[in-house]
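Printed here is model.txt (compact mmCIF, C-alpha atoms):
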# COMPACT_ATOMS: atom_id res chain seq x y z
CA MET A 1 68.81 131.08 81.89
CA ARG A 2 67.82 133.45 84.68
CA ILE A 3 67.27 130.49 87.00
CA LYS A 4 70.67 129.07 86.09
CA LYS A 5 72.38 132.39 86.78
CA HIS A 6 70.59 132.64 90.10
CA ILE A 7 71.64 129.11 91.06
CA LEU A 8 75.24 129.79 90.06
CA THR A 9 75.40 133.01 92.04
CA ASP A 10 73.89 131.23 95.02
CA LEU A 11 76.40 128.40 94.71
CA ARG A 12 79.33 130.78 94.40
CA THR A 13 78.18 132.67 97.49
CA SER A 14 77.85 129.40 99.43
CA LEU A 15 81.29 128.16 98.37
CA ARG A 16 82.85 131.54 99.22
CA LYS A 17 81.29 131.39 102.68
CA LEU A 18 82.60 127.86 103.08
CA SER A 19 86.13 128.82 102.07
CA LEU A 20 86.12 131.64 104.63
CA ILE A 21 85.11 129.63 107.69
CA LYS A 22 87.74 128.60 110.17
CA ARG A 23 88.76 124.97 110.42
CA ARG A 24 86.25 123.10 112.55
CA LYS A 25 85.13 119.49 112.56
CA HIS A 26 81.91 118.70 110.66
CA HIS A 27 80.94 122.34 110.04
CA PRO A 28 77.13 122.46 109.48
CA LEU A 29 77.58 124.63 106.38
CA ILE A 30 79.06 121.62 104.53
CA HIS A 31 75.92 119.59 105.16
CA LYS A 32 73.64 122.50 104.13
CA ILE A 33 75.46 123.10 100.81
CA HIS A 34 75.64 119.34 100.18
CA GLN A 35 71.85 119.07 100.59
CA LYS A 36 71.01 122.21 98.64
CA HIS A 37 73.40 121.92 95.66
CA ASN A 38 73.99 118.16 95.59
CA LEU A 39 77.78 118.59 95.72
CA SER A 40 79.77 115.73 97.27
CA LYS A 41 80.98 116.26 100.84
CA LYS A 42 84.53 115.45 99.72
CA THR A 43 84.45 118.37 97.25
CA LEU A 44 83.10 120.68 99.93
CA LEU A 45 85.70 119.54 102.45
CA TYR A 46 88.42 120.28 99.88
CA VAL A 47 86.97 123.81 99.32
CA LYS A 48 86.97 124.41 103.08
CA GLU A 49 90.50 123.05 103.62
CA TYR A 50 92.33 124.24 100.48
CA GLY A 51 90.10 127.00 99.09
CA PRO A 52 91.47 130.36 97.88
CA HIS A 53 91.45 131.88 101.37
CA SER A 54 93.16 129.06 103.22
CA ASN A 55 96.82 128.80 104.08
CA ILE A 56 97.47 125.37 102.52
CA PRO A 57 100.84 124.52 104.14
CA LYS A 58 99.52 125.56 107.56
CA THR A 59 96.39 123.42 107.19
CA ILE A 60 98.35 120.33 106.09
CA ILE A 61 101.01 120.75 108.79
CA LYS A 62 98.37 121.26 111.50
CA GLU A 63 96.46 118.15 110.51
CA SER A 64 99.42 115.84 109.82
CA LEU A 65 101.86 116.75 112.57
CA ARG A 66 100.18 114.89 115.45
CA VAL A 67 99.85 111.62 113.55
CA LEU A 68 103.41 111.90 112.18
CA LEU A 69 104.79 112.60 115.67
CA LEU A 70 102.95 109.58 117.05
CA THR A 71 104.08 107.20 114.28
CA SER A 72 107.69 108.47 114.46
CA ILE A 73 107.90 107.98 118.23
CA VAL A 74 106.28 104.55 118.04
CA SER A 75 108.60 103.44 115.19
CA SER A 76 111.65 104.69 117.09
CA ALA A 77 110.46 102.83 120.20
CA GLY A 78 110.32 99.66 118.11
CA GLY A 79 113.82 100.41 116.80
CA PHE A 80 115.10 100.61 120.42
CA THR A 81 114.45 96.88 120.82
CA LEU A 82 116.47 96.03 117.72
CA GLU A 83 119.31 98.35 118.78
CA SER A 84 119.41 96.48 122.10
CA ILE A 85 120.17 93.18 120.33
CA LYS A 86 122.22 94.79 117.54
CA ALA A 87 125.15 92.35 117.49
CA LEU A 88 122.93 89.28 117.29
CA PHE A 89 120.53 90.93 114.83
CA LEU A 90 123.27 92.01 112.41
CA SER A 91 124.85 88.56 112.41
CA ILE A 92 121.68 87.07 110.86
CA ILE A 93 121.86 88.59 107.37
CA PRO A 94 118.51 87.18 106.10
CA ILE A 95 116.71 88.95 108.96
CA VAL A 96 118.45 92.25 108.10
CA ILE A 97 117.24 91.83 104.49
CA LEU A 98 113.74 90.94 105.72
CA LEU A 99 113.39 93.97 108.04
CA PRO A 100 112.10 96.53 105.46
CA VAL A 101 109.97 93.83 103.78
CA LEU A 102 108.19 92.81 107.00
CA ASN A 103 107.77 96.44 108.08
CA GLY A 104 106.16 97.44 104.79
CA MET A 105 104.09 94.28 104.53
CA VAL A 106 102.47 94.36 107.99
CA GLY A 107 101.87 98.13 107.75
CA SER A 108 100.13 97.78 104.41
CA TYR A 109 97.91 94.95 105.72
CA GLY A 110 96.88 97.31 108.54
CA SER A 111 95.78 99.95 105.97
CA ILE A 112 93.95 97.35 103.84
CA ILE A 113 92.07 95.86 106.81
CA SER A 114 91.15 99.34 108.12
CA SER A 115 89.81 100.69 104.83
CA HIS A 116 87.82 97.50 104.12
CA PHE A 117 86.40 97.50 107.66
CA SER A 118 85.21 101.13 107.27
CA THR A 119 83.46 100.26 103.99
CA ILE A 120 81.79 97.21 105.60
CA ILE A 121 80.59 99.15 108.65
CA TYR A 122 79.14 101.94 106.46
CA LYS A 123 77.47 99.46 104.12
CA GLN A 124 76.08 96.98 106.66
CA GLY A 125 75.79 98.96 109.90
CA LEU A 126 77.36 98.34 113.30
CA GLU A 127 74.98 95.57 114.38
CA LYS A 128 76.20 93.25 111.59
CA VAL A 129 79.90 93.84 112.26
CA SER A 130 81.31 91.08 114.47
CA LEU A 131 83.85 88.28 114.30
CA LYS A 132 81.15 86.18 112.58
CA ASN A 133 80.60 88.66 109.73
CA LYS A 134 80.98 86.81 106.39
CA GLU A 135 82.70 89.66 104.53
CA LEU A 136 85.20 90.21 107.36
CA ARG A 137 85.96 86.47 107.58
CA ASN A 138 86.45 86.36 103.81
CA LEU A 139 88.84 89.33 103.97
CA PHE A 140 90.75 87.75 106.87
CA SER A 141 91.13 84.46 104.94
CA LYS A 142 92.32 86.28 101.81
CA ILE A 143 94.89 88.35 103.70
CA LEU A 144 96.06 85.30 105.63
CA VAL A 145 96.60 83.24 102.45
CA ILE A 146 98.41 86.13 100.71
CA SER A 147 100.54 86.92 103.76
CA ILE A 148 101.59 83.26 104.21
CA ALA A 149 102.58 83.01 100.53
CA ILE A 150 104.43 86.35 100.51
CA SER A 151 106.23 85.82 103.82
CA ILE A 152 107.52 82.36 102.76
CA LEU A 153 108.60 83.80 99.39
CA ALA A 154 110.29 86.77 101.11
CA ALA A 155 112.16 84.47 103.53
CA LEU A 156 113.37 82.22 100.68
CA ILE A 157 114.58 85.16 98.54
CA ALA A 158 116.26 86.73 101.60
CA LEU A 159 118.06 83.43 102.24
CA VAL A 160 119.29 83.23 98.64
CA LEU A 161 120.44 86.87 98.73
CA SER A 162 122.20 86.37 102.07
CA ILE A 163 124.15 83.34 100.75
CA SER A 164 125.62 85.64 98.10
CA GLN A 165 126.72 87.90 101.00
CA GLY A 166 128.66 85.03 102.56
CA PHE A 167 126.00 83.88 105.04
CA GLU A 168 126.48 80.26 106.09
CA PHE A 169 123.44 78.33 104.97
CA SER A 170 121.95 75.29 106.68
CA SER A 171 118.48 73.75 106.48
CA ALA A 172 117.95 74.37 110.22
CA ILE A 173 118.69 78.10 109.81
CA ALA A 174 116.51 78.27 106.69
CA LEU A 175 113.62 76.74 108.63
CA LYS A 176 114.13 79.20 111.49
CA ILE A 177 114.12 82.20 109.11
CA ILE A 178 110.93 80.98 107.40
CA LEU A 179 109.28 80.37 110.79
CA ILE A 180 110.26 83.83 112.09
CA SER A 181 108.81 85.47 108.97
CA LEU A 182 105.60 83.39 109.16
CA ILE A 183 104.94 83.69 112.91
CA ASN A 184 105.65 87.43 112.82
CA VAL A 185 103.21 88.15 109.99
CA ILE A 186 100.41 85.79 111.08
CA ALA A 187 100.47 86.98 114.72
CA LEU A 188 100.41 90.65 113.75
CA ILE A 189 97.64 90.26 111.16
CA THR A 190 95.45 88.45 113.70
CA LEU A 191 96.14 91.17 116.27
CA LEU A 192 95.38 93.91 113.71
CA PHE A 193 92.04 92.30 112.85
CA PHE A 194 90.91 92.28 116.49
CA VAL A 195 92.12 95.87 117.01
CA VAL A 196 90.33 97.09 113.85
CA ILE A 197 87.02 95.41 114.78
CA PHE A 198 86.97 96.63 118.39
CA ALA A 199 88.50 100.10 117.89
CA GLY A 200 86.53 100.69 114.64
CA SER A 201 83.22 99.75 116.32
CA TYR A 202 84.08 102.01 119.27
CA PHE A 203 84.81 105.07 117.07
CA TYR A 204 81.74 104.38 114.91
CA LYS A 205 79.55 104.22 118.03
CA LYS A 206 80.99 107.57 119.14
CA GLY A 207 79.87 109.08 115.82
CA GLU A 208 83.40 109.45 114.43
CA ASP A 209 84.64 108.34 111.01
CA PRO A 210 86.72 105.15 111.68
CA ASP A 211 88.89 106.01 108.61
CA ASN A 212 90.47 108.92 110.48
CA PHE A 213 91.65 106.78 113.39
CA LEU A 214 92.15 103.22 112.23
CA ILE A 215 94.98 103.71 109.71
CA PRO A 216 97.31 105.64 112.09
CA ILE A 217 96.48 103.19 114.93
CA THR A 218 97.07 100.04 112.84
CA THR A 219 100.23 101.42 111.22
CA SER A 220 101.69 102.24 114.62
CA ILE A 221 100.77 98.84 116.06
CA ALA A 222 102.17 97.14 112.97
CA ASP A 223 105.51 98.99 113.19
CA PHE A 224 105.97 98.66 116.90
CA GLY A 225 104.66 95.09 117.06
CA ASN A 226 106.77 94.01 114.10
CA MET A 227 110.05 95.10 115.68
CA ILE A 228 109.23 93.85 119.17
CA LEU A 229 108.08 90.49 117.85
CA LEU A 230 111.06 90.24 115.49
CA ALA A 231 113.45 90.91 118.38
CA ILE A 232 111.68 88.31 120.58
CA LEU A 233 111.65 85.68 117.81
CA VAL A 234 115.36 86.29 117.04
CA LEU A 235 116.16 85.83 120.74
CA ILE A 236 114.07 82.60 120.91
CA PHE A 237 115.35 81.00 117.69
CA PHE A 238 119.03 82.08 117.77
CA MET B 1 81.46 85.65 97.62
CA LYS B 2 84.43 84.55 95.47
CA PHE B 3 87.77 83.94 97.15
CA PHE B 4 90.16 84.60 94.25
CA ASP B 5 88.43 87.77 93.06
CA GLU B 6 89.60 91.27 92.02
CA THR B 7 90.34 92.23 95.67
CA PHE B 8 92.56 89.17 96.08
CA ARG B 9 94.46 89.97 92.87
CA GLU B 10 94.90 93.67 93.77
CA ILE B 11 96.17 92.91 97.30
CA PHE B 12 98.48 90.17 96.01
CA LEU B 13 99.97 92.38 93.27
CA SER B 14 100.53 95.31 95.65
CA GLN B 15 102.31 92.92 98.05
CA ILE B 16 104.57 91.67 95.24
CA VAL B 17 105.55 95.29 94.47
CA LEU B 18 106.22 95.92 98.18
CA LEU B 19 108.21 92.69 98.40
CA ILE B 20 110.52 93.66 95.52
CA GLY B 21 111.16 97.15 96.91
CA GLY B 22 111.64 95.87 100.46
CA LEU B 23 114.09 93.18 99.36
CA ILE B 24 116.19 95.69 97.40
CA ALA B 25 116.24 98.05 100.41
CA GLY B 26 117.07 95.15 102.75
CA THR B 27 119.89 93.93 100.50
CA ILE B 28 121.42 97.41 100.44
CA LEU B 29 121.22 97.44 104.26
CA ALA B 30 122.91 94.03 104.46
CA VAL B 31 125.65 94.93 101.96
CA TYR B 32 126.48 98.21 103.71
CA THR B 33 126.01 96.98 107.30
CA ASP B 34 129.50 98.13 108.27
CA ASN B 35 128.95 101.63 106.87
CA LEU B 36 125.41 102.14 108.06
CA LEU B 37 124.01 99.81 110.72
CA LEU B 38 127.10 99.87 112.93
CA ILE B 39 126.59 103.61 113.50
CA PRO B 40 125.24 104.07 117.07
CA GLY B 41 121.50 104.67 116.99
CA MET B 42 121.05 103.80 113.33
CA LEU B 43 118.70 100.90 114.08
CA VAL B 44 116.56 103.29 116.14
CA LEU B 45 116.54 105.84 113.32
CA ILE B 46 115.86 103.61 110.29
CA PRO B 47 112.32 102.29 111.08
CA GLY B 48 110.98 105.79 111.80
CA PHE B 49 112.86 107.24 108.84
CA LEU B 50 111.30 104.75 106.41
CA GLU B 51 107.89 105.25 108.02
CA MET B 52 108.13 109.05 107.72
CA ARG B 53 109.05 108.90 104.04
CA GLY B 54 106.08 106.62 103.23
CA ASN B 55 103.62 108.63 105.34
CA ILE B 56 104.53 112.06 103.98
CA SER B 57 104.83 111.09 100.31
CA GLY B 58 101.80 108.80 100.53
CA SER B 59 99.60 111.59 101.93
CA LEU B 60 101.01 114.03 99.34
CA ALA B 61 100.11 111.67 96.48
CA ALA B 62 96.63 111.04 97.94
CA ARG B 63 95.94 114.80 98.36
CA ILE B 64 97.12 115.55 94.81
CA SER B 65 95.03 112.70 93.45
CA SER B 66 91.91 114.00 95.28
CA GLY B 67 92.69 117.54 94.06
CA ILE B 68 92.91 116.34 90.44
CA TYR B 69 89.63 114.42 90.65
CA LEU B 70 87.84 117.38 92.23
CA GLY B 71 89.25 119.83 89.69
CA PHE B 72 91.36 121.80 92.19
CA ILE B 73 94.66 120.75 90.66
CA ASN B 74 95.21 120.86 86.93
CA PRO B 75 97.09 117.72 85.79
CA TYR B 76 98.58 119.73 82.91
CA GLY B 77 100.42 122.14 85.16
CA LYS B 78 98.18 125.23 85.41
CA ASN B 79 96.95 126.73 88.72
CA LYS B 80 99.78 125.55 90.93
CA ARG B 81 98.72 127.21 94.21
CA VAL B 82 97.47 124.00 95.84
CA LEU B 83 100.46 122.07 94.51
CA ARG B 84 102.96 124.61 95.88
CA GLY B 85 101.23 124.55 99.26
CA ASN B 86 101.47 120.76 99.36
CA ILE B 87 105.17 120.77 98.48
CA ALA B 88 105.97 123.42 101.11
CA ALA B 89 104.07 121.49 103.80
CA SER B 90 105.78 118.20 102.89
CA PHE B 91 109.22 119.84 103.12
CA PHE B 92 108.49 121.39 106.50
CA LEU B 93 107.14 118.10 107.88
CA VAL B 94 110.17 116.17 106.64
CA VAL B 95 112.63 118.63 108.21
CA PHE B 96 110.78 118.70 111.55
CA ILE B 97 110.21 114.95 111.85
CA SER B 98 113.74 114.03 110.71
CA ILE B 99 115.25 116.25 113.42
CA LEU B 100 112.93 114.63 115.99
CA LEU B 101 113.93 111.13 114.83
CA GLY B 102 117.62 112.07 115.00
CA VAL B 103 117.19 113.46 118.52
CA LEU B 104 115.35 110.32 119.67
CA ALA B 105 118.09 108.06 118.26
CA TYR B 106 120.80 110.25 119.86
CA LEU B 107 119.10 110.29 123.28
CA PHE B 108 118.55 106.53 123.25
CA THR B 109 122.18 105.69 122.50
CA LEU B 110 123.34 108.27 125.01
CA ILE B 111 121.08 107.13 127.86
CA VAL B 112 121.10 103.35 127.31
CA PHE B 113 124.56 102.71 125.86
CA LYS B 114 126.35 105.85 127.15
CA THR B 115 127.54 106.43 123.57
CA PRO B 116 127.22 110.10 122.60
CA TYR B 117 126.86 110.37 118.82
CA PRO B 118 125.24 113.74 117.99
CA GLU B 119 126.12 113.35 114.28
CA ILE B 120 123.08 111.05 113.98
CA ILE B 121 120.85 114.18 114.10
CA LEU B 122 122.70 115.75 111.17
CA ILE B 123 122.68 112.45 109.25
CA SER B 124 118.92 112.17 109.73
CA LEU B 125 118.25 115.77 108.63
CA LEU B 126 120.52 115.78 105.56
CA ALA B 127 119.38 112.33 104.39
CA ALA B 128 115.72 113.34 104.78
CA ILE B 129 116.24 116.51 102.72
CA LEU B 130 118.12 114.54 100.05
CA ALA B 131 115.45 111.81 99.91
CA ASN B 132 112.78 114.51 99.72
CA LEU B 133 114.45 116.17 96.73
CA ILE B 134 114.05 112.89 94.85
CA GLU B 135 110.82 111.50 96.29
CA ILE B 136 108.54 114.56 96.13
CA PRO B 137 109.05 115.33 92.41
CA LEU B 138 108.80 111.57 91.72
CA SER B 139 105.47 111.28 93.61
CA ILE B 140 104.02 114.36 91.89
CA PHE B 141 105.22 113.32 88.44
CA PHE B 142 103.83 109.78 88.71
CA THR B 143 100.47 110.91 90.17
CA PHE B 144 99.98 113.25 87.17
CA PHE B 145 101.38 110.70 84.71
CA LEU B 146 99.08 107.90 85.91
CA PHE B 147 96.04 110.18 85.82
CA ARG B 148 96.86 111.34 82.27
CA LYS B 149 97.26 107.72 81.16
CA GLY B 150 93.80 106.86 82.51
CA PHE B 151 94.82 105.00 85.69
CA ASP B 152 93.49 105.70 89.18
CA PRO B 153 96.54 107.01 91.14
CA ASP B 154 94.84 106.00 94.45
CA ASN B 155 95.24 102.31 93.61
CA ILE B 156 98.87 102.51 92.53
CA MET B 157 100.59 105.33 94.41
CA GLY B 158 100.42 103.67 97.88
CA PRO B 159 102.72 100.70 97.16
CA PHE B 160 104.73 102.80 94.66
CA VAL B 161 105.53 105.48 97.24
CA THR B 162 106.38 102.91 99.95
CA THR B 163 108.72 101.04 97.59
CA THR B 164 110.51 104.05 96.11
CA GLY B 165 110.49 105.74 99.54
CA ASP B 166 112.34 102.81 101.16
CA LEU B 167 114.95 102.82 98.39
CA THR B 168 115.57 106.57 98.28
CA SER B 169 115.70 106.73 102.09
CA ILE B 170 118.30 103.97 102.43
CA LEU B 171 120.40 105.33 99.54
CA SER B 172 120.25 108.89 100.95
CA LEU B 173 121.34 107.65 104.39
CA LEU B 174 124.25 105.80 102.80
CA LEU B 175 125.29 108.81 100.73
CA VAL B 176 125.16 111.21 103.68
CA VAL B 177 127.11 108.79 105.91
CA ALA B 178 129.73 108.42 103.16
CA ILE B 179 130.06 112.21 102.78
CA LEU B 180 130.22 112.92 106.52

Go through the file and emit its structure as structure tokens.
Amino acid sequence: MRIKKHILTDLRTSLRKLSLIKRRKHHPLIHKIHQKHNLSKKTLLYVKEYGPHSNIPKTIIKESLRVLLLTSIVSSAGGFTLESIKALFLSIIPIVILLPVLNGMVGSYGSIISSHFSTIIYKQGLEKVSLKNKELRNLFSKILVISIAISILAALIALVLSISQGFEFSSAIALKIILISLINVIALITLLFFVVIFAGSYFYKKGEDPDNFLIPITTSIADFGNMILLAILVLIFF
Amino acid sequence: MKFFDETFREIFLSQIVLLIGGLIAGTILAVYTDNLLLIPGMLVLIPGFLEMRGNISGSLAARISSGIYLGFINPYGKNKRVLRGNIAASFFLVVFISILLGVLAYLFTLIVFKTPYPEIILISLLAAILANLIEIPLSIFFTFFLFRKGFDPDNIMGPFVTTTGDLTSILSLLLVVAIL
């Protein structure tokens, strides 16, 4: 009982110390408490960030603002291209319907590829992560198959919905819409894979956690790339 | 290594959810093109606006979920300090980023098309606040609800927040434009 009390007091003291330290990357105290008390690093990070002595809104705002500013500016920059071809863009109703679908779809593939890549690199080490890695190839094939199926389905539903809005249907236009949806998604997923492998390996080599960088990077590329590519494809096909 | 395994099913299902939400949001955009998309700068504003909604609510749900698992947030409503802090931060971020998005849309239309339309800043701010009033309680409620029902909110809240976020954002923009 005495030993338990002693351990508890020791743990409380350590956690109190941790909650009082100023925000700093990879503070050594986290590693010490993790080793000594066998508490997960995630728990300790939460104590440091949102413990009783921290100003929670300030911490969240400080950490999120830079990434949010970057993604907002990048998304707006992508929107500029669509605004530039507004008249043409708005006349193709299926593409207007597809815009939020494609945006959400490509962005979510970026997050999926990034989080899977981080797990693979932590499990297998940097030396086994390359374009020939079996797990990465399997993931790429899965995402490619799903994205082809979903983008064709999305284009077909968008076409049906646009007919009910008075859009003049023809098989040539239907084919163009399906092609735009397919080319857009396949090109961006391939680009995202290369970016994740090269940027992820770079950050891992530098001793950083790829999770903290890859998702904002891929989301921004997905948003910006999606709108630029969509604008280019609309100009080519229509 | 199986091809059609659990990962395949999870990714496919999340994409179906995203597809449904995106198509509803896209249809609303197409139906109300005259009211919404013809406004100068609206096509510059919308992508960032949808992105902001998903990012802020997605991070909020993820932080709450981590807090519940680590015992910092009580899923039955006690000890609300961390929760209040999260809500306050999300509101501040939404207000700040929506003003920035409005300013960017305004400057672009002014510089490129020589069309001054400062109302876009007000539209962005009011629509973001309105969407926040719906989306933040919805995200918190569903994170708690899913946890209480034995589901892992981390697996479900991502596509859920993106889908509901797109819908509430587009509807809020429409409502604000109609009022102004």

Checklist line | Distance in Å - atom CA of B:Ile99 versus atom CA of B:Leu125 | finding: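 Calculated distance between atom CA of B:Ile99 and atom CA of B:Leu125 is 5.7 Å.
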
Check: Quick one, how far is atom CA of A:Ser111 from atom CA of A:Asp223?
Finding: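 Spanning atom CA of A:Ser111 to atom CA of A:Asp223 is a straight-line distance of 12.2 Å.
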
Margin query: Which residue is closest to chain A? Choose from B:Asn35, B:Ser57, B:Ser66, B:Thr143 and count only C-alpha atoms.
Written below: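 Smallest distance to chain A is found for B:Ser66.
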
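Closest to chain B among A:Thr9, A:Thr219, A:Ser114, A:Thr119 is A:Thr219, based on all atoms listed in the file.
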
Next item on the list: Skip stretch 203-205 of chain A itself and residues of its chain fewer than 3 positions away, then list as an MDAnalysis selection string all residues within 10 Å of it, counting only C-alpha atoms.
Entry: chainID A and resid 118 121:122 125:126 198:200 208:214

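The list of chain A residues within 7 Å of chain B is Thr43, Tyr50, Ile56, Pro57, Ile60, Ile61, Ser72, Ser75, Ser76, Gly79, Phe80, Leu82, Glu83, Ile93, Val96, Ile97, Leu98, Leu99, Pro100, Val101, Gly104, Met105, Lys142, Ile146 and Ala154 of chain A; this uses all atoms listed in the file.
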
Check: For B:Pro137, which residue among B:Ile111, B:Leu36, B:Ile123, B:Ala61 is the nearest when counting only C-alpha atoms?
Finding: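 Of B:Ile111, B:Leu36, B:Ile123, B:Ala61, the one nearest B:Pro137 is B:Ala61, counting only C-alpha atoms.
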
Notebook entry, point to check: Suppose you want the space between atom CA of B:Tyr106 and atom CA of A:Phe89; what is it in Å?
Noted result: 20.0 Å

Checklist line | Spatial neighbours of B:Leu126, 9 Å, only C-alpha atoms, chain gap at least 3 places, as a PyMOL selection string | finding: chain B and resi 95+98+121-123+129-131+172-173+176

Using C-alpha atoms, can you export the residues from the last selection as a short mmCIF file (atom, residue, chain, number, x, y, z; two decimals), keeping the file's coordinate frame?
data_model
loop_
_atom_site.label_atom_id
_atom_site.label_comp_id
_atom_site.auth_asym_id
_atom_site.auth_seq_id
_atom_site.Cartn_x
_atom_site.Cartn_y
_atom_site.Cartn_z
CA VAL B 95 112.63 118.63 108.21
CA SER B 98 113.74 114.03 110.71
CA ILE B 121 120.85 114.18 114.10
CA LEU B 122 122.70 115.75 111.17
CA ILE B 123 122.68 112.45 109.25
CA ILE B 129 116.24 116.51 102.72
CA LEU B 130 118.12 114.54 100.05
CA ALA B 131 115.45 111.81 99.91
CA SER B 172 120.25 108.89 100.95
CA LEU B 173 121.34 107.65 104.39
CA VAL B 176 125.16 111.21 103.68
#

Enclose all atoms of stretch 66-83 of chain A listed in the file in an axis-aligned box, grow every side by 5 Å, and hand back centre and edge lengths in Å to one decimal, as lines of an AutoDock Vina configuration file.
center_x = 109.6
center_y = 105.5
center_z = 116.5
size_x = 29.5
size_y = 28.9
size_z = 18.6

Next item on the list: With a distance cut-off of 10 Å and all atoms listed in the file, select the neighbouring residues of A:Ile186, excluding the residue or stretch itself and same-chain residues fewer than 5 positions from it, and output the selection as a count of residues only.
Entry: 10
